[in-house]
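Novice: Please see the structure below; I have some questions.
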Amino acid sequence: MEDVKAYIESGILELYVLGDISAEEKLQVETMASKHPEVKAELDAIESSMERYAELNEVEPAPALRERVLNSLVTNLGDDRIFRDKPASAREEKVVQLVQQKSNNFYKYAFAACLALLVVSVAALVTIYNKYQSANGQLVTLQLQNQKFANTVNLLDGQLSVFRDPSFKMIRLNGTSKTPKSELMIGWSPNRKKLIIDMGRSRMPLTDETHSYQLWAIVGGKPVDLGVFEANEQNADALKEMKAVDSAEAFAVTLEPRGGSPIPTMDNMMVVGNTK
Amino acid sequence: MSPKRKISLSEEELIHALRRREKVAAEALYDMYSASLYGVIVRIVNDDIAAEDILQETFLKIWNSFSAYSADKGRLFTWMVNIARNLSIDKLRSKDFKNQSKNRELENNVGLIDERENTVYKPELLGIKELVETLKPEQKSILDLVYFKGYTHVEAAEQLGVPLGTIKTRLRMAIQQLRKSFN
């Protein structure tokens with residue numbers, strides 16, 4: 001067993017005892033010691049002599065240190081066996097209480113957590129509901145606006161179709177002595193048999209609830225009814241389509257009771273204009 | 001000699017009692033080993049107050065991590081003294097301790113402590129002390145450097161300016177010499 005002898009004499013066992021050795025070497029020494037009794041015996045001998053060398057060089061610490069150290073050990077006793085003489089039942093009772101308290105605490109915290117979650121959820125719900133309401137309101141507003149734009153586009157489209165059409169003839173009806181400031185623009189297309197009133201370019205006194213205007217065409221000296229219309233805030237810009245005629249010498253508007261009259265009330269003629 | 005009220009147990013009994021964390025074990029542990037451990041600690045740190053703290057720390061660590069000790073791996077004292085030495089060396093190398101003892105001469109304090117402190121004479125050790133004195137100076141210096149000054153053998157080789165192999169051999173020879181003295 002030359003190897004073992006050489007191993008012993010290498011001095012590594014001394015370093016092992018002195019703790020001056022790497023973890024790998026430490027493991028190696030321990031393996032060798034468990035395999036070879038002579039290594040183990042050598043280690044024992046080294047340890048004993050180092051222990052005795054320490055004894056030889058011992059220094060008595062201050063007497064007061066004994067109490068200090070022992071007290072620190074005793075207060076450090078986790079499972080304090082110093083209180084062993086307590087009745088076992090008392091100890092058990094205490095343990096049970098502790099466990100109970102722990103589970104109580106768990107449910108307390110769980111309940112508190114649930115409650116907190118509920119409060120947060122409700123707050124979130126209220127916030128989201130408010131946002132939903134305001135979004136809904138905005139949507140309605142936008143839809144209304146959209147409707148309004150669509151109406152405007154339709155209106156303008158209609159106007160464009162009239163104004164772009166060369167067959168339409170624009171005729172201005174001027175105020176009579178009764179209402180000199182009034183004026184009404186009509187567009188007439190004999191070919192297409194269409195007649196419209198352009199309220200946007202007209203200035204007529206507003207009609208009340210009991211009266212309306214009636215448009216007449218003068219054909220061969222006789223008045224022909226072309227329908228009634230109102231002048232109010234709502235239709236201030238509108239194009240109003242009336243009944244059409246093939247030919248006419250003149251157009252006139254009279255103020256009639258609401259719904260119109262079979263023959264014009266000549267006294268109430270508001271505007272009149274010739275076609276030529 | 002003052003009358004002894006100190007508790008002493010066999011190593012086996014002590015280990016058993018320590019495992020069961022009995023109070024008597026703590027007392028026996030202190031009474032049996034405090035002086036040996038303190039001798040090592042105070043030589044390393046060379047400061048009474050620090051040494052007392054470290055001794056306390058050492059016992060705390062022994063007490064709290066006793067489950068880590070296994071009798072298969074060696075003697076109880078070897079395990080304990082290595083804890084004490086490691087704590088002492090940590091302290092010695094810690095920044096605040098270095099600052100604190102800046103002006104103190106750290107070298108060659110082994111003899112100083114022996115002069116100052118070594119007032120304990122054990123009749124069973126009388127004569128052996130003289131035998132230990134038969135250690136060759138280079139053997140004693142390497143042993144004390146490593147054992148009482150907290151040097152690693154690598155540091156000791158640098159300090160003494162000799163090859164690592166020589167250090168290991170001298171260390172072994174020194175311990176062999178001790179064994180002869182004790183037998």
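Labeling convention for the structure tokens: chains A, B, ... as they appear, residues from 1 per chain, ligands from 1 in order of appearance.
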Could you pull the residues within 8 Å of Arg201 of chain A, counting only C-alpha atoms, minus those fewer than 4 positions along the same chain, as a ChimeraX atom specification?

Specialist: /A:184-185,237

Novice: Return as a ChimeraX atom specification the full set of residues in segment 99-241 of chain A whose backbone-based DSSP assignment is helix (DSSP H, G or I).

Specialist: /A:99-164

Novice: Within 10 Å of chain B, which residues of chain A show up when using only C-alpha atoms, listed as a VMD selection string?

Specialist: chain A and resid 8 to 21 29 to 30 33 to 34 40 43 to 62 65 to 74 76 to 82

Novice: Write a file of the just-selected residues containing C-alpha atoms, as a compact mmCIF listing (two decimals), in the first residue's frame.

Specialist:
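Result file follows (out-v1.txt):
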```txt
# COMPACT_ATOMS: atom_id res chain seq x y z
CA ILE A 8 -0.37 10.02 4.38
CA GLU A 9 3.08 11.51 4.04
CA SER A 10 2.02 14.13 1.52
CA GLY A 11 0.85 16.30 4.42
CA ILE A 12 -2.67 16.64 3.11
CA LEU A 13 -4.14 15.05 6.23
CA GLU A 14 -2.61 17.77 8.38
CA LEU A 15 -4.08 20.43 6.12
CA TYR A 16 -7.43 18.66 6.33
CA VAL A 17 -7.37 18.81 10.13
CA LEU A 18 -6.37 22.48 9.97
CA GLY A 19 -9.30 23.15 7.60
CA ASP A 20 -6.88 24.57 5.05
CA ILE A 21 -8.08 22.56 2.08
CA VAL A 29 -9.61 12.78 2.21
CA GLU A 30 -12.93 11.63 3.61
CA ALA A 33 -10.34 7.67 5.35
CA SER A 34 -13.47 5.59 4.88
CA LYS A 40 -8.42 7.15 9.46
CA LEU A 43 -6.23 11.47 10.98
CA ASP A 44 -7.26 10.57 14.53
CA ALA A 45 -3.70 10.89 15.74
CA ILE A 46 -3.27 14.27 14.07
CA GLU A 47 -6.55 15.52 15.46
CA SER A 48 -5.71 14.38 18.97
CA SER A 49 -2.34 16.04 18.95
CA MET A 50 -3.74 19.29 17.59
CA GLU A 51 -6.41 19.20 20.26
CA ARG A 52 -3.78 18.70 22.92
CA TYR A 53 -1.64 21.41 21.41
CA ALA A 54 -4.62 23.75 21.74
CA GLU A 55 -5.12 22.65 25.35
CA LEU A 56 -1.49 23.36 26.00
CA ASN A 57 -1.91 26.86 24.62
CA GLU A 58 -5.30 27.48 26.18
CA VAL A 59 -6.21 30.88 27.54
CA GLU A 60 -8.95 31.08 30.13
CA PRO A 61 -11.54 33.64 29.02
CA ALA A 62 -12.92 36.17 31.51
CA LEU A 65 -18.12 35.41 29.63
CA ARG A 66 -19.47 32.02 30.71
CA GLU A 67 -22.87 33.42 31.74
CA ARG A 68 -23.04 35.62 28.66
CA VAL A 69 -22.38 32.77 26.27
CA LEU A 70 -24.67 30.31 28.03
CA ASN A 71 -27.48 32.87 28.15
CA SER A 72 -27.14 33.55 24.46
CA LEU A 73 -27.34 29.82 23.76
CA VAL A 74 -30.35 29.42 25.99
CA ASN A 76 -31.40 30.85 21.14
CA LEU A 77 -33.05 27.58 21.98
CA GLY A 78 -35.72 27.33 19.32
CA ASP A 79 -37.58 24.38 20.81
CA ASP A 80 -36.68 25.45 24.30
CA ARG A 81 -36.19 22.27 26.24
CA ILE A 82 -35.60 24.27 29.38
```

Novice: For Trp216 of chain A, please output as a ChimeraX atom specification all residues within 6 Å (counting only C-alpha atoms; exclusion window: fewer than 6 positions along the same chain).

Specialist: /A:223-226,251-252

Novice: To one decimal in Å, tell me the separation between atom CA of Ala236 of chain A and atom CA of Tyr213 of chain A.

Specialist: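 So the answer is 14.3 Å.
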
Novice: Between B:Ala25, B:Thr166, B:Arg19, B:Ala174, which has the minimum distance to Ile7 of chain B (counting only C-alpha atoms)?

Specialist: B:Ala25

Novice: Can you work out the spacing between atom CA of Ala135 of chain A and atom CA of Lys148 of chain A in Å, to one decimal?

Specialist: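 One can read the atom CA of Ala135 of chain A to atom CA of Lys148 of chain A distance as 19.7 Å.
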
Novice: Choose the residue, out of A:Ala113, A:Tyr7, A:Pro262, A:Glu209, that has the smallest atom-to-atom separation from Glu25 of chain A; count only C-alpha atoms.

Specialist: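 Comparing A:Ala113, A:Tyr7, A:Pro262, A:Glu209 against Glu25 of chain A, the winner is A:Tyr7.
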
Novice: How many Å separate atom CA of Lys181 of chain A from atom CA of Phe168 of chain A?

Specialist: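 Calculated distance between atom CA of Lys181 of chain A and atom CA of Phe168 of chain A is 25.1 Å.
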
Novice: How would you write, as a PyMOL selection string, the set of residues in segment 149-272 of chain A that DSSP gives as strand (DSSP E or B)?

Specialist: chain A and resi 169-175+183-189+194-203+211-219+222-229+239-242+250-257+269-272
